[in-house]
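Okay, structure first, notes after.
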2 protein chains.
Amino acid sequence: MDDGNVIAVMRKLGLAARSAARTLALTPAATKNAALEAMAKAILAAEHAILAANALDVADATAKGQPPSFLDRLTLNEKRVGAMAQAIRDIAALPDPVGRVLAHWRQPNGLEFERVATPLGVVGVIFESRPNVYADAGALCLKAGNASILRGGSESFRTCSEIAKALRIGLHAAGLPEAAIQMVPTAERSAVGAMLAGLEGAIDVLVPRGGKNLVARVQAEARVPVFAHLDGLNHTYVHAGASLAMAIPVVVNAKMRRTGVCGSTETLLVDQAVAPTHLKPLVKALIEAGCEVRGDARTLAVDPHVKPADDKDWATEYLDAIISVKVVSGLDAAIAHIERYGSHHTDAIITDDQAAADRFLAEVDSAIVLHNASTQFADGGEFGFGGEIGIATGRMHARGPVGTEQLCSFKYRVRGQGTTRP
Amino acid sequence: MDDGNVIAVMRKLGLAARSAARTLALTPAATKNAALEAMAKAILAAEHAILAANALDVADATAKGQPPSFLDRLTLNEKRVGAMAQAIRDIAALPDPVGRVLAHWRQPNGLEFERVATPLGVVGVIFESRPNVYADAGALCLKAGNASILRGGSESFRTCSEIAKALRIGLHAAGLPEAAIQMVPTAERSAVGAMLAGLEGAIDVLVPRGGKNLVARVQAEARVPVFAHLDGLNHTYVHAGASLAMAIPVVVNAKMRRTGVCGSTETLLVDQAVAPTHLKPLVKALIEAGCEVRGDARTLAVDPHVKPADDKDWATEYLDAIISVKVVSGLDAAIAHIERYGSHHTDAIITDDQAAADRFLAEVDSAIVLHNASTQFADGGEFGFGGEIGIATGRMHARGPVGTEQLCSFKYRVRGQGTTRP
């Protein structure tokens, strides 16, 4: 397909999505849920086809020398296909976000005002190797009454095509337009360019799902709003009022539960007031859990395994079993460090001092701030959103985990009795 | 000032605004309100200086041959200065939008979640001739804890400089940074380009206030989110179930109360079921109110003063005492016409048929939809927002009148008891 053809194909996709979005906006919850249930069934029914396509994709990626972590994200098996279907059923079970009355009031002239949740319109999703993102994102968008246009990495093209087929069967079964969830039918890179430009007004918001290069490109080049976070450079601050018994398990969990997720802690800040008692056992626990520790001078002194941290470490999201550790002079210094080096994603304080916790939660300017809890809770599922299309660190519209509620806009309904304005 | 200097000046403005925004985000309501009260006082105290500066601006604009409507928007007098001060006091009297708990829930693992309103950050406002926008926008942003950078038209430069001085006196009196509300200190056009680019990340959202050319340029070129509407091509639909006694005053008010505002009705749709009884009196009432009527064939037939409407008329926002009138076959045709020609701003249905009204309010995809009320209510003040920085027709973050609540973002506060994620 040459670039001209790609543009024509993408324009057609955009128009079909816009038309489908108008239908979805008025589709009752029961119909959307019936479609989701039929999709889950169709995915299970297509298990063999999906796994066969996936085997071809994985073989190609292996031949191309993709690293094991990439191959792991790309690979499906029976269990993962089952989880994909279950995730769609979980989304069906969520309350319908469309039509919620967000506010309701009456003015002295008798006008009745309602702010009501409406769908956003058309969501463009650009993702990389994990094919389950296709099903997840398509289902979440549908639940919120949005049409979606999904573009996966070329390495998962055959797998996604089979998943897309199953989702279309589900849409069709519920009488919904198949254009409600559309796969970009080409692996050409110019298709991404067309999406970044917003498909001539057809895309309302873009969601990049994947590595930093992808997110950075989308943020830099998109001509439409983007829900994303570039970094999850998160901090856990062990305050002067922290008990060591609480700090150790929370810090180890925050760093080591899963090191490759955006909610993992990358820098540990330890208050100098408790450094004499807390620093050494914290470092020891991290090292015993298999973590490399890079520390400032104070931290270097407590354990011979600690490597020296330089200024670059405070600004590095390792996404690995590595942590930087710094002793800070107090709450103000901790907040200042987070303001300087953090990515406004997720930051936590460990303390029994309620006033210090309240200040931290108020003053740290991040999408998610936690008190006495692991930063690994930065996840829509853990928030009770029943799924997320991503986590946003921007301030506009959505911030933190983006679930079905944040995939909605709103409108004002006003009811009068022949009311005129003086 | 050459372009290099302008860029340096604008960068400094951006950094100062970002720093002020961090202070404002943590400023208690009482301090913000004290600043607003001091600003109102300072404006009244500076009345002579403001009016003297304004007289010079008006003299220059007159010499340049600006039209009367422009001169009227530019001109201040004692009454308008008093209204400017009162508007600031009205904003002070509003509830503080920052810190509102928007949602609160507990997960089974004991984690307590709160979604809390936070300021957006830095708001850039680009406006044209009306100097009171400076005071209004600066005060609204401050109330929501945001810093603002304001750039008025070059014709109001001296007037805005005096207003800016008064607002700085108010900020200073309350101990707030003067950079909380900053005027772009040059009339050079390259300053606007720097704002459209987002001042190197210093501006979070732009609000254009003025004519269509300004709004179109900002929407096309801005690299940051924009709160705006390009058109207010609004419709009033007189449904089959409308009583003529209600339809006449509402339609005349919707069109003629003020013809130059974005909430005025530009097209009247009359259901064919009531056209025999309602069309002629509606047209007559409009003409008697001084309105030019441009109609389709059915409308032409009812009054010799009606001019023929062509396809362009359905797509024209007159902002004048002109209305286009069309007979439609029913609710579906009315909704389809609005979908095709409307600007998703404000549309109304007049009917005593509750089911038809509910369908119209659900299916018309506009920021504001009204039943039995004039489209002229499209105004933050009429919504009870106590002021608005503009009206948005985008779907992201804000839609409809943008008041202090929509000038906020939010964050998640999570409280645990040493909670780790399994």
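Naming scheme: A, B, ... for chains in displayed order of the structure tokens; residues 1 onward per chain; ligands 1 onward as shown.
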
Expected answer as a short mmCIF file (atom, residue, chain, number, x, y, z; two decimals) with all heavy atoms, in the first residue's frame: chain A residues within 6 Å of chain B, only C-alpha atoms:
```
data_model
loop_
_atom_site.label_atom_id
_atom_site.label_comp_id
_atom_site.auth_asym_id
_atom_site.auth_seq_id
_atom_site.Cartn_x
_atom_site.Cartn_y
_atom_site.Cartn_z
N MET A 246 6.55 -0.73 59.25
CA MET A 246 5.69 -0.46 58.09
C MET A 246 6.53 -0.13 56.86
O MET A 246 6.21 -0.53 55.74
CB MET A 246 4.73 0.70 58.38
CG MET A 246 3.79 0.96 57.20
SD MET A 246 2.76 2.43 57.42
CE MET A 246 1.57 1.85 58.62
N VAL A 250 6.46 -1.89 52.72
CA VAL A 250 5.88 -0.99 51.71
C VAL A 250 6.94 -0.61 50.68
O VAL A 250 6.69 -0.63 49.46
CB VAL A 250 5.25 0.26 52.36
CG1 VAL A 250 4.80 1.25 51.29
CG2 VAL A 250 4.06 -0.14 53.23
N ALA A 367 -0.32 13.07 39.98
CA ALA A 367 -1.65 12.56 39.69
C ALA A 367 -2.16 11.70 40.85
O ALA A 367 -3.33 11.74 41.20
CB ALA A 367 -1.63 11.75 38.40
N ILE A 368 -1.25 10.92 41.44
CA ILE A 368 -1.61 10.04 42.55
C ILE A 368 -0.63 10.28 43.70
O ILE A 368 0.58 10.22 43.49
CB ILE A 368 -1.55 8.55 42.13
CG1 ILE A 368 -2.44 8.30 40.90
CG2 ILE A 368 -1.94 7.63 43.29
CD1 ILE A 368 -2.21 6.94 40.25
N VAL A 369 -1.15 10.59 44.88
CA VAL A 369 -0.31 10.72 46.07
C VAL A 369 -0.84 9.76 47.13
O VAL A 369 -2.05 9.68 47.34
CB VAL A 369 -0.27 12.17 46.60
CG1 VAL A 369 0.65 13.03 45.74
CG2 VAL A 369 -1.66 12.80 46.63
N LEU A 370 0.07 9.01 47.76
CA LEU A 370 -0.36 7.98 48.70
C LEU A 370 0.26 8.18 50.07
O LEU A 370 1.39 8.66 50.19
CB LEU A 370 0.05 6.59 48.19
CG LEU A 370 -0.40 6.16 46.81
CD1 LEU A 370 0.81 6.07 45.88
CD2 LEU A 370 -1.11 4.83 46.85
N HIS A 371 -0.48 7.77 51.08
CA HIS A 371 0.00 7.77 52.45
C HIS A 371 -0.03 6.32 52.97
O HIS A 371 -1.09 5.68 52.93
CB HIS A 371 -0.89 8.67 53.31
CG HIS A 371 -0.56 8.66 54.77
ND1 HIS A 371 -1.49 8.90 55.75
CD2 HIS A 371 0.61 8.42 55.42
CE1 HIS A 371 -0.91 8.81 56.94
NE2 HIS A 371 0.36 8.51 56.78
N ASN A 372 1.13 5.85 53.37
CA ASN A 372 1.23 4.50 53.93
C ASN A 372 0.71 3.42 52.99
O ASN A 372 -0.01 2.50 53.42
CB ASN A 372 0.53 4.40 55.30
CG ASN A 372 1.28 5.19 56.37
OD1 ASN A 372 2.44 5.56 56.18
ND2 ASN A 372 0.63 5.45 57.49
N ALA A 373 1.05 3.56 51.73
CA ALA A 373 0.65 2.53 50.76
C ALA A 373 1.69 2.49 49.64
O ALA A 373 2.40 3.46 49.39
CB ALA A 373 -0.74 2.81 50.21
N SER A 374 1.73 1.37 48.98
CA SER A 374 2.71 1.13 47.93
C SER A 374 2.35 1.89 46.65
O SER A 374 1.19 1.92 46.24
CB SER A 374 2.77 -0.37 47.64
OG SER A 374 3.45 -0.63 46.45
N ARG A 395 -2.84 17.47 32.92
CA ARG A 395 -3.82 18.04 33.84
C ARG A 395 -5.18 18.23 33.20
O ARG A 395 -6.14 18.59 33.87
CB ARG A 395 -3.34 19.42 34.30
CG ARG A 395 -2.11 19.38 35.10
CD ARG A 395 -1.40 20.72 35.10
NE ARG A 395 -0.31 20.67 36.03
CZ ARG A 395 -0.47 20.66 37.34
NH1 ARG A 395 -1.66 20.75 37.88
NH2 ARG A 395 0.58 20.58 38.13
N MET A 396 -5.26 18.03 31.90
CA MET A 396 -6.50 18.33 31.21
C MET A 396 -7.36 17.08 31.10
O MET A 396 -6.91 16.06 30.61
CB MET A 396 -6.19 18.84 29.81
CG MET A 396 -5.32 20.08 29.79
SD MET A 396 -6.07 21.48 30.63
CE MET A 396 -7.43 21.77 29.51
N HIS A 397 -8.62 17.21 31.55
CA HIS A 397 -9.64 16.18 31.39
C HIS A 397 -9.39 14.97 32.26
O HIS A 397 -10.15 14.71 33.17
CB HIS A 397 -9.78 15.77 29.92
CG HIS A 397 -11.00 14.93 29.68
ND1 HIS A 397 -12.19 15.48 29.31
CD2 HIS A 397 -11.21 13.61 29.78
CE1 HIS A 397 -13.09 14.52 29.20
NE2 HIS A 397 -12.53 13.39 29.47
N SER A 409 -17.19 12.75 28.13
CA SER A 409 -17.31 14.20 28.21
C SER A 409 -18.64 14.49 28.93
O SER A 409 -19.14 13.62 29.65
CB SER A 409 -17.32 14.78 26.79
OG SER A 409 -17.46 16.19 26.82
N LYS A 411 -22.49 17.17 28.81
CA LYS A 411 -23.23 18.27 28.21
C LYS A 411 -24.19 18.81 29.26
O LYS A 411 -24.39 18.19 30.31
CB LYS A 411 -24.00 17.82 26.96
CG LYS A 411 -25.22 16.97 27.23
CD LYS A 411 -25.60 16.15 26.02
CE LYS A 411 -26.79 16.60 25.27
NZ LYS A 411 -27.17 15.64 24.19
N TYR A 412 -24.76 20.00 28.99
CA TYR A 412 -25.73 20.58 29.90
C TYR A 412 -27.13 20.44 29.31
O TYR A 412 -27.36 20.83 28.17
CB TYR A 412 -25.43 22.06 30.15
CG TYR A 412 -24.17 22.26 30.95
CD1 TYR A 412 -22.97 22.57 30.31
CD2 TYR A 412 -24.16 22.12 32.32
CE1 TYR A 412 -21.79 22.74 31.03
CE2 TYR A 412 -22.99 22.29 33.06
CZ TYR A 412 -21.81 22.60 32.41
OH TYR A 412 -20.66 22.76 33.12
N ARG A 413 -28.04 19.87 30.11
CA ARG A 413 -29.45 19.85 29.77
C ARG A 413 -30.15 20.90 30.63
O ARG A 413 -30.01 20.89 31.86
CB ARG A 413 -30.06 18.49 30.12
CG ARG A 413 -29.69 17.38 29.18
CD ARG A 413 -30.59 16.18 29.53
NE ARG A 413 -29.96 14.94 29.10
CZ ARG A 413 -30.04 13.78 29.75
NH1 ARG A 413 -30.76 13.70 30.87
NH2 ARG A 413 -29.46 12.72 29.29
N VAL A 414 -30.90 21.77 29.97
CA VAL A 414 -31.57 22.85 30.68
C VAL A 414 -33.06 22.80 30.36
O VAL A 414 -33.44 22.73 29.19
CB VAL A 414 -31.00 24.22 30.25
CG1 VAL A 414 -31.57 25.33 31.12
CG2 VAL A 414 -29.48 24.22 30.29
N ARG A 415 -33.89 22.80 31.41
CA ARG A 415 -35.34 22.72 31.21
C ARG A 415 -36.03 23.95 31.79
O ARG A 415 -35.82 24.30 32.95
CB ARG A 415 -35.89 21.45 31.87
CG ARG A 415 -35.43 20.17 31.18
CD ARG A 415 -36.10 18.94 31.80
NE ARG A 415 -35.80 17.74 31.04
CZ ARG A 415 -34.76 16.93 31.27
NH1 ARG A 415 -33.91 17.21 32.24
NH2 ARG A 415 -34.58 15.85 30.52
N GLY A 416 -36.83 24.62 30.96
CA GLY A 416 -37.56 25.81 31.41
C GLY A 416 -39.05 25.64 31.21
O GLY A 416 -39.55 24.54 30.94
N GLN A 417 -39.79 26.75 31.37
CA GLN A 417 -41.24 26.75 31.16
C GLN A 417 -41.56 27.92 30.24
O GLN A 417 -42.36 28.78 30.56
CB GLN A 417 -41.99 26.90 32.49
CG GLN A 417 -41.58 25.92 33.59
CD GLN A 417 -40.34 26.38 34.35
OE1 GLN A 417 -40.11 27.57 34.53
NE2 GLN A 417 -39.52 25.43 34.76
N GLY A 418 -40.89 27.94 29.11
CA GLY A 418 -41.02 29.09 28.22
C GLY A 418 -40.17 30.25 28.70
O GLY A 418 -40.50 31.42 28.48
N THR A 419 -39.06 29.92 29.36
CA THR A 419 -38.25 30.92 30.06
C THR A 419 -37.44 31.77 29.08
O THR A 419 -36.73 31.25 28.23
CB THR A 419 -37.30 30.21 31.05
OG1 THR A 419 -38.02 29.14 31.68
CG2 THR A 419 -36.76 31.17 32.08
N THR A 420 -37.57 33.08 29.22
CA THR A 420 -36.76 34.00 28.40
C THR A 420 -35.79 34.75 29.31
O THR A 420 -36.01 34.85 30.51
CB THR A 420 -37.65 35.02 27.67
OG1 THR A 420 -38.43 35.73 28.66
CG2 THR A 420 -38.59 34.33 26.69
#
```

- Query: If we count only C-alpha atoms, what is near range 278-295 of chain A at a cut-off of 10 Å, once residues fewer than 5 positions away on the same chain are taken out, given as a PyMOL selection string?
  - Reply: chain A and resi 238+240+242-245+247-249+251-253+255-257+259+267-273+300-303+305-310+313-314+320-327

- Message: Which of range 137-179 of chain A end up as alpha helix (DSSP H) when DSSP is run on this backbone - answer as a count of residues only?
- Response: 24

So which residues touch Ala135 in chain A within 10 Å, counting only C-alpha atoms, skipping near sequence neighbours fewer than 2 positions away, as a compact mmCIF listing (two decimals) with C-alpha atoms, in the first residue's frame?
```txt
# COMPACT_ATOMS: atom_id res chain seq x y z
CA MET A 39 -17.22 -10.41 22.04
CA ALA A 40 -15.95 -12.40 25.01
CA ILE A 43 -12.78 -14.53 21.51
CA MET A 84 -8.71 -11.35 27.56
CA ALA A 85 -12.28 -12.65 27.41
CA ALA A 87 -11.44 -8.66 31.03
CA ILE A 88 -14.17 -7.86 28.52
CA PRO A 131 -2.16 -7.87 21.52
CA ASN A 132 -4.53 -7.95 24.51
CA VAL A 133 -4.46 -4.13 24.46
CA ALA A 137 -9.02 -0.74 24.79
CA GLY A 138 -11.76 -1.52 22.28
CA ALA A 139 -14.04 -2.84 25.04
CA LEU A 140 -13.40 0.09 27.40
CA LEU A 150 -6.69 0.82 17.07
CA CYS A 160 -4.69 -8.41 16.28
CA ILE A 163 -8.93 -10.47 17.78
CA ALA A 164 -10.48 -7.70 15.69
CA ALA A 166 -13.88 -11.67 17.13
CA LEU A 167 -14.82 -8.19 18.35
CA ILE A 181 -14.04 -0.83 16.95
```

- Task: List every residue of range 187-367 of chain B that DSSP, applied to the backbone, labels as strand (DSSP E), and write the result as a VMD selection string.
- Result: chain B and resid 205 to 209 234 to 238 265 to 271 292 to 295 307 to 308 322 to 328 346 to 350

- All residues 9 Å or closer to Leu176 in chain B, only C-alpha atoms, same chain fewer than 2 positions away omitted, as a PyMOL selection string: chain B and resi 20+23-24+27+31-32+35+170-174+178-180

For N, CA and C atoms, I'd like the residues from the last selection saved as a tab-separated table (two decimals), in the first residue's frame.
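Below is the file out-v1.tsv, written as the result:
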```tsv
chain	number	residue	atom	x	y	z
B	20	ALA	N	4.61	31.16	40.38
B	20	ALA	CA	3.44	31.71	41.08
B	20	ALA	C	2.34	30.66	41.19
B	23	THR	N	2.69	28.50	44.17
B	23	THR	CA	2.24	29.18	45.39
B	23	THR	C	0.71	29.22	45.45
B	24	LEU	N	0.09	29.61	44.35
B	24	LEU	CA	-1.37	29.75	44.34
B	24	LEU	C	-2.07	28.43	44.63
B	27	THR	N	-2.52	28.20	48.22
B	27	THR	CA	-3.01	29.39	48.91
B	27	THR	C	-4.44	29.17	49.40
B	31	THR	N	-7.08	33.93	51.62
B	31	THR	CA	-6.04	34.80	51.05
B	31	THR	C	-6.39	35.20	49.63
B	32	LYS	N	-6.87	34.23	48.84
B	32	LYS	CA	-7.26	34.57	47.47
B	32	LYS	C	-8.39	35.59	47.48
B	35	ALA	N	-7.13	39.01	48.31
B	35	ALA	CA	-6.50	39.62	47.14
B	35	ALA	C	-7.55	40.17	46.18
B	170	GLY	N	-3.52	44.61	44.41
B	170	GLY	CA	-4.35	43.68	45.18
B	170	GLY	C	-3.60	42.42	45.57
B	171	LEU	N	-2.84	41.85	44.62
B	171	LEU	CA	-2.05	40.65	44.92
B	171	LEU	C	-1.04	40.94	46.02
B	172	HIS	N	-0.37	42.07	45.85
B	172	HIS	CA	0.66	42.47	46.82
B	172	HIS	C	0.06	42.64	48.21
B	173	ALA	N	-1.12	43.26	48.27
B	173	ALA	CA	-1.77	43.51	49.56
B	173	ALA	C	-2.06	42.21	50.30
B	174	ALA	N	-2.33	41.13	49.54
B	174	ALA	CA	-2.65	39.86	50.18
B	174	ALA	C	-1.41	38.97	50.32
B	178	GLU	N	3.16	38.81	42.57
B	178	GLU	CA	2.57	39.65	41.52
B	178	GLU	C	2.51	38.91	40.19
B	179	ALA	N	3.36	37.89	40.03
B	179	ALA	CA	3.36	37.10	38.79
B	179	ALA	C	2.13	36.19	38.69
B	180	ALA	N	1.26	36.24	39.70
B	180	ALA	CA	0.04	35.44	39.64
B	180	ALA	C	-0.85	35.88	38.48
```

- In Å to one decimal, how far is CA of His229 in chain A from CA of Ile391 in chain A?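 The value is 6.2 Å.
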
- Task: Please identify all polymer residues within 9 Å of Ile338 in chain A, counting only C-alpha atoms, omitting same-chain residues fewer than 6 positions from it, and present them as JSON, numbers by chain.
- Result: {"A": [234, 235, 344, 347, 364, 365]}

- Rounded to one decimal place, report the CA of Ala38 in chain B-CA of Asp136 in chain B distance in Å. 14.4 Å

- Interatomic distance between CA of Ala144 in chain A and CA of Asp96 in chain A?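 One can read the CA of Ala144 in chain A to CA of Asp96 in chain A distance as 7.1 Å.
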
- Message: Quick one: residues within 9 Å of Ala228 in chain A, only C-alpha atoms, excluding same-chain residues fewer than 2 positions away - as JSON, numbers by chain?
- Response: {"A": [206, 207, 208, 209, 215, 219, 226, 230, 390, 391, 392, 393, 394, 399]}

Selected residues written out, all heavy atoms, as a JSON list (two decimals), in the first residue's frame:
```json
[["chain", "number", "residue", "atom", "x", "y", "z"],
["A", 206, "LEU", "N", -6.12, 10.75, 21.59],
["A", 206, "LEU", "CA", -5.20, 9.63, 21.30],
["A", 206, "LEU", "C", -4.66, 9.04, 22.60],
["A", 206, "LEU", "O", -4.37, 9.78, 23.55],
["A", 206, "LEU", "CB", -4.01, 10.12, 20.47],
["A", 206, "LEU", "CG", -4.22, 10.30, 18.97],
["A", 206, "LEU", "CD1", -3.00, 10.99, 18.36],
["A", 206, "LEU", "CD2", -4.47, 8.96, 18.29],
["A", 207, "VAL", "N", -4.53, 7.74, 22.62],
["A", 207, "VAL", "CA", -3.94, 7.06, 23.77],
["A", 207, "VAL", "C", -2.78, 6.20, 23.27],
["A", 207, "VAL", "O", -3.02, 5.20, 22.58],
["A", 207, "VAL", "CB", -4.97, 6.16, 24.49],
["A", 207, "VAL", "CG1", -4.35, 5.51, 25.71],
["A", 207, "VAL", "CG2", -6.21, 6.97, 24.88],
["A", 208, "PRO", "N", -1.55, 6.57, 23.55],
["A", 208, "PRO", "CA", -0.42, 5.70, 23.21],
["A", 208, "PRO", "C", -0.19, 4.70, 24.33],
["A", 208, "PRO", "O", -0.22, 5.06, 25.51],
["A", 208, "PRO", "CB", 0.75, 6.68, 23.10],
["A", 208, "PRO", "CG", 0.40, 7.82, 24.00],
["A", 208, "PRO", "CD", -1.11, 7.86, 24.12],
["A", 209, "ARG", "N", 0.00, 3.44, 23.98],
["A", 209, "ARG", "CA", 0.27, 2.40, 24.97],
["A", 209, "ARG", "C", 1.54, 1.67, 24.57],
["A", 209, "ARG", "O", 1.54, 0.91, 23.60],
["A", 209, "ARG", "CB", -0.89, 1.40, 25.01],
["A", 209, "ARG", "CG", -2.13, 1.92, 25.68],
["A", 209, "ARG", "CD", -2.00, 1.98, 27.18],
["A", 209, "ARG", "NE", -1.76, 0.70, 27.77],
["A", 209, "ARG", "CZ", -2.73, -0.13, 28.18],
["A", 209, "ARG", "NH1", -3.98, 0.23, 28.07],
["A", 209, "ARG", "NH2", -2.44, -1.31, 28.69],
["A", 215, "VAL", "N", 5.47, 6.96, 23.29],
["A", 215, "VAL", "CA", 4.72, 8.00, 24.01],
["A", 215, "VAL", "C", 5.30, 9.38, 23.69],
["A", 215, "VAL", "O", 4.56, 10.34, 23.42],
["A", 215, "VAL", "CB", 4.74, 7.74, 25.53],
["A", 215, "VAL", "CG1", 4.05, 8.86, 26.27],
["A", 215, "VAL", "CG2", 4.06, 6.41, 25.84],
["A", 219, "GLN", "N", 3.24, 12.41, 22.04],
["A", 219, "GLN", "CA", 3.07, 13.68, 22.74],
["A", 219, "GLN", "C", 3.62, 14.84, 21.93],
["A", 219, "GLN", "O", 3.07, 15.94, 21.92],
["A", 219, "GLN", "CB", 3.74, 13.62, 24.11],
["A", 219, "GLN", "CG", 2.97, 12.74, 25.09],
["A", 219, "GLN", "CD", 3.52, 12.79, 26.51],
["A", 219, "GLN", "OE1", 4.73, 12.97, 26.69],
["A", 219, "GLN", "NE2", 2.66, 12.61, 27.50],
["A", 226, "VAL", "N", -3.98, 14.09, 24.08],
["A", 226, "VAL", "CA", -3.36, 12.79, 24.33],
["A", 226, "VAL", "C", -3.54, 12.44, 25.81],
["A", 226, "VAL", "O", -3.32, 13.29, 26.67],
["A", 226, "VAL", "CB", -1.85, 12.84, 23.98],
["A", 226, "VAL", "CG1", -1.16, 11.54, 24.38],
["A", 226, "VAL", "CG2", -1.64, 13.14, 22.51],
["A", 230, "LEU", "N", 4.65, 9.98, 30.19],
["A", 230, "LEU", "CA", 5.93, 9.67, 29.58],
["A", 230, "LEU", "C", 6.77, 8.85, 30.56],
["A", 230, "LEU", "O", 7.35, 7.84, 30.20],
["A", 230, "LEU", "CB", 6.65, 10.98, 29.22],
["A", 230, "LEU", "CG", 7.89, 10.85, 28.37],
["A", 230, "LEU", "CD1", 7.56, 10.17, 27.06],
["A", 230, "LEU", "CD2", 8.48, 12.22, 28.11],
["A", 390, "GLY", "N", -5.14, 3.60, 30.23],
["A", 390, "GLY", "CA", -3.81, 4.16, 30.42],
["A", 390, "GLY", "C", -3.79, 5.00, 31.68],
["A", 390, "GLY", "O", -4.80, 5.09, 32.39],
["A", 391, "ILE", "N", -2.64, 5.57, 31.97],
["A", 391, "ILE", "CA", -2.53, 6.49, 33.10],
["A", 391, "ILE", "C", -2.03, 7.82, 32.55],
["A", 391, "ILE", "O", -1.10, 7.86, 31.75],
["A", 391, "ILE", "CB", -1.56, 5.94, 34.17],
["A", 391, "ILE", "CG1", -2.20, 4.72, 34.85],
["A", 391, "ILE", "CG2", -1.21, 7.00, 35.21],
["A", 391, "ILE", "CD1", -1.43, 4.18, 36.04],
["A", 392, "ALA", "N", -2.70, 8.90, 32.95],
["A", 392, "ALA", "CA", -2.36, 10.22, 32.40],
["A", 392, "ALA", "C", -1.66, 11.06, 33.45],
["A", 392, "ALA", "O", -2.04, 11.05, 34.62],
["A", 392, "ALA", "CB", -3.63, 10.92, 31.92],
["A", 393, "THR", "N", -0.64, 11.79, 33.02],
["A", 393, "THR", "CA", -0.02, 12.75, 33.93],
["A", 393, "THR", "C", -0.30, 14.18, 33.49],
["A", 393, "THR", "O", 0.16, 15.12, 34.14],
["A", 393, "THR", "CB", 1.50, 12.53, 34.03],
["A", 393, "THR", "OG1", 2.05, 12.44, 32.72],
["A", 393, "THR", "CG2", 1.80, 11.25, 34.78],
["A", 394, "GLY", "N", -1.02, 14.36, 32.39],
["A", 394, "GLY", "CA", -1.46, 15.70, 32.01],
["A", 394, "GLY", "C", -2.51, 16.19, 32.99],
["A", 394, "GLY", "O", -3.03, 15.43, 33.81],
["A", 399, "ARG", "N", -6.64, 12.55, 34.62],
["A", 399, "ARG", "CA", -5.37, 12.54, 35.35],
["A", 399, "ARG", "C", -5.37, 11.26, 36.17],
["A", 399, "ARG", "O", -6.39, 10.92, 36.77],
["A", 399, "ARG", "CB", -5.30, 13.78, 36.26],
["A", 399, "ARG", "CG", -3.89, 14.16, 36.65],
["A", 399, "ARG", "CD", -3.88, 15.45, 37.46],
["A", 399, "ARG", "NE", -2.51, 15.85, 37.75],
["A", 399, "ARG", "CZ", -2.14, 16.56, 38.81],
["A", 399, "ARG", "NH1", -3.03, 16.96, 39.69],
["A", 399, "ARG", "NH2", -0.88, 16.85, 39.01]]
```
